[in-house]
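Printed here is input25.txt (compact mmCIF, N, CA and C atoms):
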# COMPACT_ATOMS: atom_id res chain seq x y z
N MET A 1 136.53 14.07 102.04
CA MET A 1 136.56 15.45 101.61
C MET A 1 136.72 16.33 102.84
N ARG A 2 137.72 17.19 102.83
CA ARG A 2 137.94 18.08 103.96
C ARG A 2 138.21 19.50 103.47
N PHE A 3 137.26 20.38 103.77
CA PHE A 3 137.41 21.79 103.46
C PHE A 3 137.87 22.48 104.74
N LEU A 4 138.99 23.19 104.67
CA LEU A 4 139.56 23.83 105.85
C LEU A 4 139.93 25.27 105.56
N GLY A 5 139.84 26.11 106.56
CA GLY A 5 140.33 27.48 106.46
C GLY A 5 139.26 28.51 106.16
N ASN A 6 139.68 29.77 106.18
CA ASN A 6 138.84 30.93 105.89
C ASN A 6 139.44 31.70 104.73
N ILE A 7 138.61 32.06 103.78
CA ILE A 7 139.07 32.80 102.61
C ILE A 7 138.09 33.93 102.35
N GLU A 8 138.60 35.15 102.30
CA GLU A 8 137.76 36.30 102.02
C GLU A 8 137.61 36.47 100.51
N ALA A 9 136.43 36.93 100.10
CA ALA A 9 136.14 37.11 98.67
C ALA A 9 135.07 38.19 98.53
N LYS A 10 134.62 38.37 97.30
CA LYS A 10 133.58 39.36 97.01
C LYS A 10 132.51 38.74 96.12
N VAL A 11 131.31 39.28 96.26
CA VAL A 11 130.21 38.92 95.37
C VAL A 11 130.07 40.08 94.40
N ASP A 12 129.94 39.78 93.09
CA ASP A 12 129.80 40.87 92.12
C ASP A 12 128.36 41.39 92.11
N ALA A 13 128.11 42.40 91.30
CA ALA A 13 126.80 43.05 91.25
C ALA A 13 125.68 42.10 90.84
N LYS A 14 126.00 41.03 90.11
CA LYS A 14 125.00 40.06 89.69
C LYS A 14 124.79 38.94 90.70
N GLY A 15 125.56 38.96 91.80
CA GLY A 15 125.43 37.93 92.82
C GLY A 15 126.32 36.72 92.58
N ARG A 16 127.35 36.89 91.73
CA ARG A 16 128.25 35.77 91.46
C ARG A 16 129.47 35.85 92.36
N ALA A 17 129.97 34.67 92.72
CA ALA A 17 131.19 34.58 93.52
C ALA A 17 132.06 33.47 92.95
N PHE A 18 133.36 33.62 93.13
CA PHE A 18 134.31 32.57 92.75
C PHE A 18 134.48 31.64 93.94
N LEU A 19 134.29 30.36 93.74
CA LEU A 19 134.62 29.40 94.79
C LEU A 19 136.14 29.37 94.88
N PRO A 20 136.71 29.58 96.06
CA PRO A 20 138.17 29.61 96.18
C PRO A 20 138.81 28.36 95.58
N ALA A 21 139.95 28.58 94.93
CA ALA A 21 140.65 27.49 94.22
C ALA A 21 140.95 26.32 95.13
N VAL A 22 141.33 26.57 96.37
CA VAL A 22 141.65 25.48 97.29
C VAL A 22 140.43 24.59 97.52
N PHE A 23 139.24 25.17 97.57
CA PHE A 23 138.03 24.38 97.74
C PHE A 23 137.65 23.68 96.43
N ARG A 24 137.88 24.34 95.29
CA ARG A 24 137.60 23.68 94.00
C ARG A 24 138.46 22.44 93.83
N LYS A 25 139.72 22.51 94.27
CA LYS A 25 140.61 21.35 94.16
C LYS A 25 140.10 20.18 95.00
N VAL A 26 139.59 20.46 96.18
CA VAL A 26 139.03 19.41 97.03
C VAL A 26 137.82 18.77 96.34
N LEU A 27 136.95 19.60 95.76
CA LEU A 27 135.79 19.07 95.03
C LEU A 27 136.22 18.18 93.87
N GLN A 28 137.17 18.67 93.09
CA GLN A 28 137.64 17.90 91.93
C GLN A 28 138.27 16.59 92.36
N ALA A 29 139.05 16.62 93.43
CA ALA A 29 139.69 15.39 93.92
C ALA A 29 138.65 14.38 94.38
N GLY A 30 137.52 14.87 94.87
CA GLY A 30 136.44 13.98 95.31
C GLY A 30 135.49 13.60 94.19
N GLY A 31 135.76 14.07 92.96
CA GLY A 31 134.91 13.74 91.82
C GLY A 31 133.56 14.42 91.85
N GLU A 32 133.46 15.53 92.57
CA GLU A 32 132.19 16.26 92.69
C GLU A 32 132.07 17.31 91.60
N GLU A 33 130.89 17.41 91.01
CA GLU A 33 130.65 18.42 89.99
C GLU A 33 129.64 19.46 90.42
N ARG A 34 128.76 19.09 91.35
CA ARG A 34 127.70 20.02 91.74
C ARG A 34 127.69 20.21 93.25
N LEU A 35 127.13 21.35 93.64
CA LEU A 35 126.97 21.70 95.04
C LEU A 35 125.50 21.97 95.32
N VAL A 36 125.11 21.79 96.56
CA VAL A 36 123.76 22.14 97.00
C VAL A 36 123.93 23.24 98.04
N MET A 37 123.18 24.33 97.86
CA MET A 37 123.27 25.46 98.77
C MET A 37 121.95 25.62 99.51
N ARG A 38 122.04 25.88 100.81
CA ARG A 38 120.87 26.22 101.61
C ARG A 38 121.33 27.15 102.72
N LYS A 39 120.37 27.89 103.26
CA LYS A 39 120.68 28.72 104.42
C LYS A 39 120.87 27.79 105.60
N ASP A 40 121.84 28.11 106.45
CA ASP A 40 122.06 27.33 107.65
C ASP A 40 120.82 27.37 108.53
N VAL A 41 120.55 26.30 109.22
CA VAL A 41 119.37 26.20 110.07
C VAL A 41 119.49 27.12 111.29
N PHE A 42 120.70 27.31 111.81
CA PHE A 42 120.90 28.04 113.06
C PHE A 42 121.51 29.43 112.91
N GLN A 43 122.30 29.64 111.88
CA GLN A 43 123.07 30.88 111.74
C GLN A 43 122.68 31.62 110.46
N ALA A 44 123.05 32.91 110.40
CA ALA A 44 122.80 33.71 109.20
C ALA A 44 123.95 33.53 108.22
N CYS A 45 124.09 32.33 107.71
CA CYS A 45 125.10 32.03 106.70
C CYS A 45 124.52 31.01 105.73
N LEU A 46 125.23 30.83 104.62
CA LEU A 46 124.83 29.83 103.62
C LEU A 46 125.77 28.64 103.74
N VAL A 47 125.26 27.47 103.44
CA VAL A 47 126.07 26.25 103.50
C VAL A 47 126.09 25.62 102.12
N LEU A 48 127.29 25.30 101.66
CA LEU A 48 127.48 24.58 100.40
C LEU A 48 127.82 23.14 100.73
N TYR A 49 127.02 22.22 100.22
CA TYR A 49 127.24 20.79 100.40
C TYR A 49 127.68 20.21 99.06
N PRO A 50 128.77 19.47 99.00
CA PRO A 50 128.99 18.67 97.79
C PRO A 50 127.77 17.77 97.63
N GLU A 51 127.38 17.49 96.41
CA GLU A 51 126.14 16.75 96.17
C GLU A 51 126.10 15.42 96.93
N SER A 52 127.22 14.71 97.00
CA SER A 52 127.22 13.42 97.71
C SER A 52 127.00 13.61 99.20
N VAL A 53 127.54 14.66 99.77
CA VAL A 53 127.35 14.95 101.20
C VAL A 53 125.89 15.32 101.46
N TRP A 54 125.31 16.14 100.56
CA TRP A 54 123.90 16.49 100.68
C TRP A 54 123.03 15.23 100.65
N ASN A 55 123.32 14.34 99.71
CA ASN A 55 122.52 13.11 99.59
C ASN A 55 122.63 12.26 100.85
N GLU A 56 123.81 12.20 101.45
CA GLU A 56 123.98 11.47 102.71
C GLU A 56 123.12 12.11 103.81
N GLN A 57 123.11 13.43 103.88
CA GLN A 57 122.32 14.14 104.89
C GLN A 57 120.83 13.86 104.70
N MET A 58 120.39 13.90 103.44
CA MET A 58 118.97 13.62 103.17
C MET A 58 118.62 12.20 103.56
N ASP A 59 119.48 11.25 103.23
CA ASP A 59 119.22 9.85 103.58
C ASP A 59 119.19 9.66 105.10
N LEU A 60 120.11 10.32 105.80
CA LEU A 60 120.14 10.22 107.26
C LEU A 60 118.87 10.82 107.87
N MET A 61 118.49 11.99 107.39
CA MET A 61 117.29 12.63 107.91
C MET A 61 116.06 11.77 107.63
N ARG A 62 115.94 11.28 106.41
CA ARG A 62 114.78 10.46 106.04
C ARG A 62 114.72 9.21 106.91
N SER A 63 115.87 8.62 107.23
CA SER A 63 115.88 7.40 108.04
C SER A 63 115.40 7.65 109.47
N ARG A 64 115.50 8.89 109.92
CA ARG A 64 115.08 9.23 111.29
C ARG A 64 113.64 9.73 111.37
N LEU A 65 113.02 9.96 110.24
CA LEU A 65 111.68 10.53 110.22
C LEU A 65 110.63 9.51 109.77
N ASN A 66 109.45 9.69 110.29
CA ASN A 66 108.32 8.84 109.93
C ASN A 66 107.51 9.56 108.85
N ARG A 67 107.37 8.96 107.70
CA ARG A 67 106.60 9.57 106.60
C ARG A 67 105.14 9.81 106.97
N TRP A 68 104.66 9.11 107.98
CA TRP A 68 103.25 9.21 108.36
C TRP A 68 103.03 10.13 109.55
N ASN A 69 104.08 10.87 109.91
CA ASN A 69 103.97 11.87 110.97
C ASN A 69 103.97 13.24 110.29
N LYS A 70 102.88 13.97 110.44
CA LYS A 70 102.71 15.24 109.72
C LYS A 70 103.83 16.23 110.01
N GLN A 71 104.17 16.44 111.27
CA GLN A 71 105.21 17.41 111.60
C GLN A 71 106.56 16.98 111.04
N GLN A 72 106.89 15.71 111.16
CA GLN A 72 108.16 15.22 110.63
C GLN A 72 108.23 15.37 109.12
N GLN A 73 107.13 15.13 108.45
CA GLN A 73 107.09 15.30 107.00
C GLN A 73 107.28 16.78 106.63
N GLN A 74 106.68 17.67 107.42
CA GLN A 74 106.84 19.11 107.16
C GLN A 74 108.29 19.54 107.37
N VAL A 75 108.93 19.03 108.41
CA VAL A 75 110.34 19.35 108.67
C VAL A 75 111.19 18.90 107.48
N PHE A 76 110.99 17.67 107.04
CA PHE A 76 111.76 17.16 105.91
C PHE A 76 111.52 18.00 104.66
N ARG A 77 110.26 18.30 104.39
CA ARG A 77 109.91 19.09 103.20
C ARG A 77 110.61 20.45 103.23
N GLN A 78 110.54 21.12 104.37
CA GLN A 78 111.15 22.44 104.47
C GLN A 78 112.66 22.36 104.33
N PHE A 79 113.27 21.34 104.92
CA PHE A 79 114.73 21.20 104.84
C PHE A 79 115.19 20.98 103.41
N VAL A 80 114.51 20.09 102.68
CA VAL A 80 114.99 19.73 101.35
C VAL A 80 114.49 20.66 100.25
N SER A 81 113.43 21.42 100.52
CA SER A 81 112.90 22.28 99.45
C SER A 81 113.55 23.66 99.41
N GLU A 82 114.19 24.06 100.47
CA GLU A 82 114.81 25.39 100.51
C GLU A 82 116.28 25.31 100.11
N VAL A 83 116.52 24.70 98.95
CA VAL A 83 117.90 24.53 98.46
C VAL A 83 118.02 25.03 97.03
N GLU A 84 119.25 25.21 96.63
CA GLU A 84 119.58 25.61 95.27
C GLU A 84 120.69 24.69 94.79
N LEU A 85 120.51 24.05 93.64
CA LEU A 85 121.53 23.20 93.05
C LEU A 85 122.47 24.08 92.23
N LEU A 86 123.77 23.97 92.48
CA LEU A 86 124.76 24.83 91.83
C LEU A 86 125.74 24.01 91.01
N THR A 87 126.10 24.56 89.87
CA THR A 87 127.20 24.04 89.06
C THR A 87 128.14 25.20 88.80
N LEU A 88 129.42 24.98 89.01
CA LEU A 88 130.40 26.04 88.77
C LEU A 88 130.58 26.24 87.27
N ASP A 89 130.77 27.50 86.87
CA ASP A 89 131.06 27.75 85.45
C ASP A 89 132.54 27.44 85.20
N GLY A 90 133.00 27.64 83.98
CA GLY A 90 134.38 27.32 83.61
C GLY A 90 135.43 28.08 84.40
N ASN A 91 135.03 29.21 84.97
CA ASN A 91 135.97 30.01 85.77
C ASN A 91 135.86 29.74 87.27
N GLY A 92 134.98 28.82 87.66
CA GLY A 92 134.82 28.51 89.07
C GLY A 92 133.84 29.41 89.79
N ARG A 93 132.99 30.11 89.01
CA ARG A 93 132.00 31.01 89.61
C ARG A 93 130.66 30.30 89.75
N PHE A 94 129.87 30.81 90.68
CA PHE A 94 128.49 30.35 90.85
C PHE A 94 127.65 31.54 91.25
N LEU A 95 126.35 31.43 91.01
CA LEU A 95 125.41 32.51 91.32
C LEU A 95 124.75 32.25 92.66
N ILE A 96 124.76 33.29 93.50
CA ILE A 96 124.02 33.24 94.76
C ILE A 96 122.72 34.02 94.51
N PRO A 97 121.58 33.34 94.47
CA PRO A 97 120.33 34.05 94.22
C PRO A 97 120.08 35.15 95.26
N LYS A 98 119.38 36.19 94.83
CA LYS A 98 119.13 37.34 95.69
C LYS A 98 118.48 36.97 97.01
N ARG A 99 117.56 36.03 97.00
CA ARG A 99 116.89 35.67 98.26
C ARG A 99 117.88 35.08 99.26
N TYR A 100 118.88 34.36 98.77
CA TYR A 100 119.91 33.82 99.66
C TYR A 100 120.82 34.92 100.18
N LEU A 101 121.14 35.88 99.33
CA LEU A 101 121.95 37.02 99.77
C LEU A 101 121.24 37.74 100.91
N ARG A 102 119.93 37.93 100.77
CA ARG A 102 119.15 38.59 101.83
C ARG A 102 119.12 37.75 103.10
N MET A 103 118.87 36.44 102.97
CA MET A 103 118.78 35.56 104.14
C MET A 103 120.06 35.58 104.96
N ALA A 104 121.20 35.65 104.28
CA ALA A 104 122.49 35.62 104.98
C ALA A 104 123.06 37.02 105.22
N GLU A 105 122.26 38.04 104.88
CA GLU A 105 122.67 39.44 105.07
C GLU A 105 124.01 39.73 104.40
N ILE A 106 124.17 39.22 103.19
CA ILE A 106 125.40 39.40 102.43
C ILE A 106 125.24 40.58 101.49
N ASP A 107 126.22 41.47 101.50
CA ASP A 107 126.22 42.54 100.51
C ASP A 107 127.30 42.26 99.47
N GLN A 108 128.53 42.58 99.76
CA GLN A 108 129.58 42.36 98.77
C GLN A 108 130.74 41.53 99.33
N ASP A 109 131.18 41.85 100.53
CA ASP A 109 132.33 41.16 101.12
C ASP A 109 131.86 39.91 101.84
N ILE A 110 132.47 38.78 101.47
CA ILE A 110 132.08 37.50 102.06
C ILE A 110 133.30 36.75 102.56
N LYS A 111 133.02 35.74 103.36
CA LYS A 111 134.07 34.85 103.86
C LYS A 111 133.61 33.42 103.66
N PHE A 112 134.44 32.63 102.98
CA PHE A 112 134.22 31.19 102.85
C PHE A 112 134.91 30.52 104.03
N THR A 113 134.20 29.64 104.73
CA THR A 113 134.77 28.93 105.87
C THR A 113 134.64 27.43 105.63
N GLY A 114 135.78 26.75 105.57
CA GLY A 114 135.76 25.30 105.42
C GLY A 114 135.33 24.64 106.72
N MET A 115 134.33 23.77 106.64
CA MET A 115 133.76 23.13 107.82
C MET A 115 133.86 21.60 107.71
N GLY A 116 134.96 21.12 107.18
CA GLY A 116 135.12 19.68 107.02
C GLY A 116 134.48 19.23 105.73
N ASP A 117 133.25 18.72 105.79
CA ASP A 117 132.60 18.22 104.58
C ASP A 117 131.67 19.23 103.92
N THR A 118 131.59 20.45 104.49
CA THR A 118 130.79 21.51 103.88
C THR A 118 131.58 22.82 103.89
N ILE A 119 131.04 23.82 103.20
CA ILE A 119 131.64 25.15 103.15
C ILE A 119 130.55 26.15 103.55
N GLU A 120 130.88 27.04 104.47
CA GLU A 120 129.94 28.09 104.84
C GLU A 120 130.33 29.38 104.12
N ILE A 121 129.30 30.18 103.78
CA ILE A 121 129.52 31.50 103.20
C ILE A 121 128.89 32.51 104.15
N TRP A 122 129.70 33.41 104.65
CA TRP A 122 129.27 34.42 105.62
C TRP A 122 129.46 35.81 105.05
N SER A 123 128.64 36.76 105.47
CA SER A 123 129.00 38.16 105.27
C SER A 123 130.18 38.38 106.21
N ASN A 124 131.13 39.21 105.82
CA ASN A 124 132.29 39.44 106.69
C ASN A 124 131.86 39.92 108.08
N LYS A 125 130.87 40.80 108.12
CA LYS A 125 130.41 41.35 109.39
C LYS A 125 129.85 40.25 110.29
N LYS A 126 128.97 39.41 109.74
CA LYS A 126 128.36 38.34 110.51
C LYS A 126 129.40 37.32 110.97
N ALA A 127 130.39 37.04 110.14
CA ALA A 127 131.43 36.06 110.50
C ALA A 127 132.18 36.53 111.74
N GLU A 128 132.49 37.80 111.80
CA GLU A 128 133.20 38.35 112.97
C GLU A 128 132.33 38.29 114.21
N GLU A 129 131.04 38.57 114.07
CA GLU A 129 130.12 38.57 115.21
C GLU A 129 129.97 37.17 115.82
N GLN A 130 130.15 36.12 115.03
CA GLN A 130 129.90 34.76 115.50
C GLN A 130 131.09 34.14 116.23
N GLN A 131 132.24 34.79 116.19
CA GLN A 131 133.42 34.24 116.84
C GLN A 131 133.32 34.34 118.36
N MET A 132 133.73 33.29 119.04
CA MET A 132 133.79 33.31 120.50
C MET A 132 135.01 34.11 120.92
N ALA A 133 134.94 34.69 122.11
CA ALA A 133 136.12 35.31 122.70
C ALA A 133 137.13 34.19 122.97
N PRO A 134 138.44 34.48 122.90
CA PRO A 134 139.44 33.42 123.10
C PRO A 134 139.25 32.61 124.38
N GLU A 135 138.91 33.28 125.49
CA GLU A 135 138.73 32.58 126.75
C GLU A 135 137.51 31.66 126.70
N GLU A 136 136.44 32.13 126.07
CA GLU A 136 135.23 31.33 125.93
C GLU A 136 135.49 30.10 125.06
N PHE A 137 136.24 30.30 123.97
CA PHE A 137 136.59 29.19 123.08
C PHE A 137 137.44 28.16 123.83
N GLU A 138 138.42 28.64 124.57
CA GLU A 138 139.29 27.75 125.33
C GLU A 138 138.49 26.89 126.31
N ALA A 139 137.58 27.52 127.05
CA ALA A 139 136.77 26.80 128.03
C ALA A 139 135.86 25.78 127.36
N ALA A 140 135.21 26.18 126.25
CA ALA A 140 134.31 25.28 125.54
C ALA A 140 135.07 24.09 124.95
N LEU A 141 136.25 24.34 124.40
CA LEU A 141 137.06 23.27 123.82
C LEU A 141 137.54 22.31 124.90
N GLN A 142 137.95 22.86 126.04
CA GLN A 142 138.41 22.01 127.14
C GLN A 142 137.26 21.15 127.65
N GLU A 143 136.07 21.73 127.77
CA GLU A 143 134.90 20.97 128.22
C GLU A 143 134.57 19.85 127.24
N LEU A 144 134.62 20.17 125.96
CA LEU A 144 134.28 19.19 124.93
C LEU A 144 135.31 18.07 124.82
N MET A 145 136.59 18.44 124.86
CA MET A 145 137.66 17.49 124.57
C MET A 145 138.46 17.06 125.79
N GLY A 146 138.13 17.61 126.96
CA GLY A 146 138.89 17.32 128.18
C GLY A 146 138.81 15.86 128.60
N ASP A 147 139.53 15.55 129.66
CA ASP A 147 139.65 14.17 130.16
C ASP A 147 138.30 13.53 130.45
N ASP A 148 137.33 14.31 130.89
CA ASP A 148 136.02 13.74 131.24
C ASP A 148 135.28 13.18 130.04
N ASN A 149 135.65 13.62 128.83
CA ASN A 149 134.92 13.19 127.62
C ASN A 149 135.70 12.18 126.78
N ILE A 150 136.80 11.72 127.29
CA ILE A 150 137.62 10.76 126.51
C ILE A 150 137.21 9.34 126.84
What does this structure look like when you write it as structure tokens?
Amino acid sequence: MRFLGNIEAKVDAKGRAFLPAVFRKVLQAGGEERLVMRKDVFQACLVLYPESVWNEQMDLMRSRLNRWNKQQQQVFRQFVSEVELLTLDGNGRFLIPKRYLRMAEIDQDIKFTGMGDTIEIWSNKKAEEQQMAPEEFEAALQELMGDDNI
């Protein structure tokens, strides 16, 4: 499953948004019916996981944590409990609960960003603020992918 690109959209007064058709097609091709939404751990955006991707993440996290370590158990609990299970309606819409809108500082204008196996939902303002300057992006990409890292 590969979600790619940026698509601008709007949230209606009830907090509903249409999942862009290009992303719905990817979900359907992968046989996915449900999504899991949570606030990103690092950024002021929401992340949509196809249910199978979410389950893989949970399994990976659980395999790295000790059930008998209090802090690790708390981390796991917080990660998996702060989610919302979503099913698209017949028109491809889903509801973003008000608490998630507040967490991501979303009002009406949003941007869906394909991130490979997940989809991020940003307020348009926050999405612009998170972009690197072209020179900074070039340097970071060269450092990451340059000859020294091959």
> Near region 108-118 of chain A, within 5 Å and counting only N, CA and C atoms, which residues show up once chain neighbours fewer than 3 positions away are dropped, as a list in words?
Replying inline: Met1, Arg2, Phe3, Leu4, Gly5, Asn6, Ile7, Glu8, Ala9, Lys10, Val11, Leu48, Ile121, Trp122, Ser123 and Asn124 of chain A
>> I'd like to know which of A:Lys25, A:Arg102, A:Arg38, A:Lys14 is closest to Leu85 (chain A), using only N, CA and C atoms.
In response: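 Looking at the shortest contact to Leu85 (chain A), the residue is A:Arg38.
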> Between A:Ile106, A:Val53, A:Leu95, A:Met37, which is the closest to Val83 (chain A) once you count only C-alpha atoms?
Replying inline: A:Met37
> Suppose you want the space between CA of Glu135 (chain A) and CA of Ala104 (chain A); what is it in Å?
Replying inline: 27.3 Å
> Counting only C-alpha atoms, which of A:Glu120, A:Glu143, A:Glu129, A:Glu105 gets nearest to Ala44 (chain A)?
Replying inline: A:Glu105
>> Report, in Å with one decimal, the straight-line distance from CA of Leu65 (chain A) to CA of Ser81 (chain A).
In response: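 If I compute the distance from CA of Leu65 (chain A) to CA of Ser81 (chain A), I get 16.0 Å.
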> Which is closer to Ala127 (chain A) than all the others in A:Cys45, A:Leu86, A:Leu35, A:Met145, using only C-alpha atoms?
Replying inline: A:Cys45
>> Residues of chain A classed as strand (DSSP E or B) by DSSP on the backbone are to be reported as a PyMOL selection string.
In response: chain A and resi 3-10+16-18+34-39+46-50+83-87+93-95+109-116+119-123
> CA of Gln28 (chain A) and CA of Phe79 (chain A) are how many Å apart?
Replying inline: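 Value for the CA of Gln28 (chain A)-CA of Phe79 (chain A) distance: 26.5 Å.
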>> Residues within 12 Å of Asn91 (chain A), please, as a ChimeraX atom specification. Count only C-alpha atoms; anything in the same chain fewer than 2 positions from it doesn't count.
In response: /A:16-21,24,87-89,93-94
> Which of chain A counts as helix (DSSP H, G or I) under DSSP, as number ranges by chain please?
Replying inline: A: 21-29, 51-64, 70-81, 98-103, 124-129, 134-145, 147-149
Please rebuild region 18-27 of chain A with all heavy atoms and give the result as a PDB file, in the coordinates of the input.
ATOM      1  N   PHE A  18     133.360  33.620  93.130  1.00  0.00           N
ATOM      2  CA  PHE A  18     134.310  32.570  92.750  1.00  0.00           C
ATOM      3  C   PHE A  18     134.480  31.640  93.940  1.00  0.00           C
ATOM      4  O   PHE A  18     134.771  32.109  95.048  1.00  0.00           O
ATOM      5  CB  PHE A  18     135.687  33.161  92.408  1.00  0.00           C
ATOM      6  CG  PHE A  18     135.746  33.847  91.082  1.00  0.00           C
ATOM      7  CD1 PHE A  18     135.587  35.218  90.994  1.00  0.00           C
ATOM      8  CD2 PHE A  18     135.982  33.126  89.923  1.00  0.00           C
ATOM      9  CE1 PHE A  18     135.643  35.868  89.775  1.00  0.00           C
ATOM     10  CE2 PHE A  18     136.044  33.765  88.694  1.00  0.00           C
ATOM     11  CZ  PHE A  18     135.877  35.134  88.624  1.00  0.00           C
ATOM     12  N   LEU A  19     134.290  30.360  93.740  1.00  0.00           N
ATOM     13  CA  LEU A  19     134.620  29.400  94.790  1.00  0.00           C
ATOM     14  C   LEU A  19     136.140  29.370  94.880  1.00  0.00           C
ATOM     15  O   LEU A  19     136.819  29.204  93.853  1.00  0.00           O
ATOM     16  CB  LEU A  19     134.078  28.006  94.449  1.00  0.00           C
ATOM     17  CG  LEU A  19     134.225  26.978  95.568  1.00  0.00           C
ATOM     18  CD1 LEU A  19     133.332  27.344  96.755  1.00  0.00           C
ATOM     19  CD2 LEU A  19     133.875  25.588  95.065  1.00  0.00           C
ATOM     20  N   PRO A  20     136.710  29.580  96.060  1.00  0.00           N
ATOM     21  CA  PRO A  20     138.170  29.610  96.180  1.00  0.00           C
ATOM     22  C   PRO A  20     138.810  28.360  95.580  1.00  0.00           C
ATOM     23  O   PRO A  20     138.296  27.243  95.706  1.00  0.00           O
ATOM     24  CB  PRO A  20     138.393  29.684  97.692  1.00  0.00           C
ATOM     25  CG  PRO A  20     137.160  30.359  98.204  1.00  0.00           C
ATOM     26  CD  PRO A  20     136.040  29.827  97.342  1.00  0.00           C
ATOM     27  N   ALA A  21     139.950  28.580  94.930  1.00  0.00           N
ATOM     28  CA  ALA A  21     140.650  27.490  94.220  1.00  0.00           C
ATOM     29  C   ALA A  21     140.950  26.320  95.130  1.00  0.00           C
ATOM     30  O   ALA A  21     140.825  25.155  94.713  1.00  0.00           O
ATOM     31  CB  ALA A  21     141.929  28.027  93.593  1.00  0.00           C
ATOM     32  N   VAL A  22     141.330  26.570  96.370  1.00  0.00           N
ATOM     33  CA  VAL A  22     141.650  25.480  97.290  1.00  0.00           C
ATOM     34  C   VAL A  22     140.430  24.590  97.520  1.00  0.00           C
ATOM     35  O   VAL A  22     140.556  23.361  97.604  1.00  0.00           O
ATOM     36  CB  VAL A  22     142.250  26.026  98.612  1.00  0.00           C
ATOM     37  CG1 VAL A  22     141.225  26.832  99.392  1.00  0.00           C
ATOM     38  CG2 VAL A  22     142.817  24.913  99.452  1.00  0.00           C
ATOM     39  N   PHE A  23     139.240  25.170  97.570  1.00  0.00           N
ATOM     40  CA  PHE A  23     138.030  24.380  97.740  1.00  0.00           C
ATOM     41  C   PHE A  23     137.650  23.680  96.430  1.00  0.00           C
ATOM     42  O   PHE A  23     137.129  22.559  96.455  1.00  0.00           O
ATOM     43  CB  PHE A  23     136.878  25.238  98.245  1.00  0.00           C
ATOM     44  CG  PHE A  23     137.068  25.779  99.651  1.00  0.00           C
ATOM     45  CD1 PHE A  23     136.423  26.927 100.050  1.00  0.00           C
ATOM     46  CD2 PHE A  23     137.890  25.151 100.571  1.00  0.00           C
ATOM     47  CE1 PHE A  23     136.576  27.435 101.337  1.00  0.00           C
ATOM     48  CE2 PHE A  23     138.066  25.642 101.859  1.00  0.00           C
ATOM     49  CZ  PHE A  23     137.400  26.788 102.243  1.00  0.00           C
ATOM     50  N   ARG A  24     137.880  24.340  95.290  1.00  0.00           N
ATOM     51  CA  ARG A  24     137.600  23.680  94.000  1.00  0.00           C
ATOM     52  C   ARG A  24     138.460  22.440  93.830  1.00  0.00           C
ATOM     53  O   ARG A  24     137.994  21.411  93.329  1.00  0.00           O
ATOM     54  CB  ARG A  24     137.850  24.655  92.839  1.00  0.00           C
ATOM     55  CG  ARG A  24     136.784  25.709  92.701  1.00  0.00           C
ATOM     56  CD  ARG A  24     136.806  26.415  91.354  1.00  0.00           C
ATOM     57  NE  ARG A  24     138.090  26.870  90.894  1.00  0.00           N
ATOM     58  CZ  ARG A  24     138.583  28.096  91.064  1.00  0.00           C
ATOM     59  NH1 ARG A  24     137.876  29.016  91.696  1.00  0.00           N
ATOM     60  NH2 ARG A  24     139.757  28.420  90.589  1.00  0.00           N
ATOM     61  N   LYS A  25     139.720  22.510  94.270  1.00  0.00           N
ATOM     62  CA  LYS A  25     140.610  21.350  94.160  1.00  0.00           C
ATOM     63  C   LYS A  25     140.100  20.180  95.000  1.00  0.00           C
ATOM     64  O   LYS A  25     140.174  19.027  94.574  1.00  0.00           O
ATOM     65  CB  LYS A  25     142.034  21.732  94.589  1.00  0.00           C
ATOM     66  CG  LYS A  25     142.732  22.611  93.590  1.00  0.00           C
ATOM     67  CD  LYS A  25     144.110  23.008  94.073  1.00  0.00           C
ATOM     68  CE  LYS A  25     144.728  24.003  93.099  1.00  0.00           C
ATOM     69  NZ  LYS A  25     146.015  24.512  93.588  1.00  0.00           N
ATOM     70  N   VAL A  26     139.590  20.460  96.180  1.00  0.00           N
ATOM     71  CA  VAL A  26     139.030  19.410  97.030  1.00  0.00           C
ATOM     72  C   VAL A  26     137.820  18.770  96.340  1.00  0.00           C
ATOM     73  O   VAL A  26     137.679  17.544  96.325  1.00  0.00           O
ATOM     74  CB  VAL A  26     138.649  19.959  98.426  1.00  0.00           C
ATOM     75  CG1 VAL A  26     137.903  18.916  99.251  1.00  0.00           C
ATOM     76  CG2 VAL A  26     139.888  20.440  99.173  1.00  0.00           C
ATOM     77  N   LEU A  27     136.950  19.600  95.760  1.00  0.00           N
ATOM     78  CA  LEU A  27     135.790  19.070  95.030  1.00  0.00           C
ATOM     79  C   LEU A  27     136.220  18.180  93.870  1.00  0.00           C
ATOM     80  O   LEU A  27     135.680  17.087  93.689  1.00  0.00           O
ATOM     81  CB  LEU A  27     134.934  20.217  94.480  1.00  0.00           C
ATOM     82  CG  LEU A  27     133.999  20.931  95.435  1.00  0.00           C
ATOM     83  CD1 LEU A  27     133.339  22.112  94.734  1.00  0.00           C
ATOM     84  CD2 LEU A  27     132.950  19.984  95.970  1.00  0.00           C
TER      85      LEU A  27
END
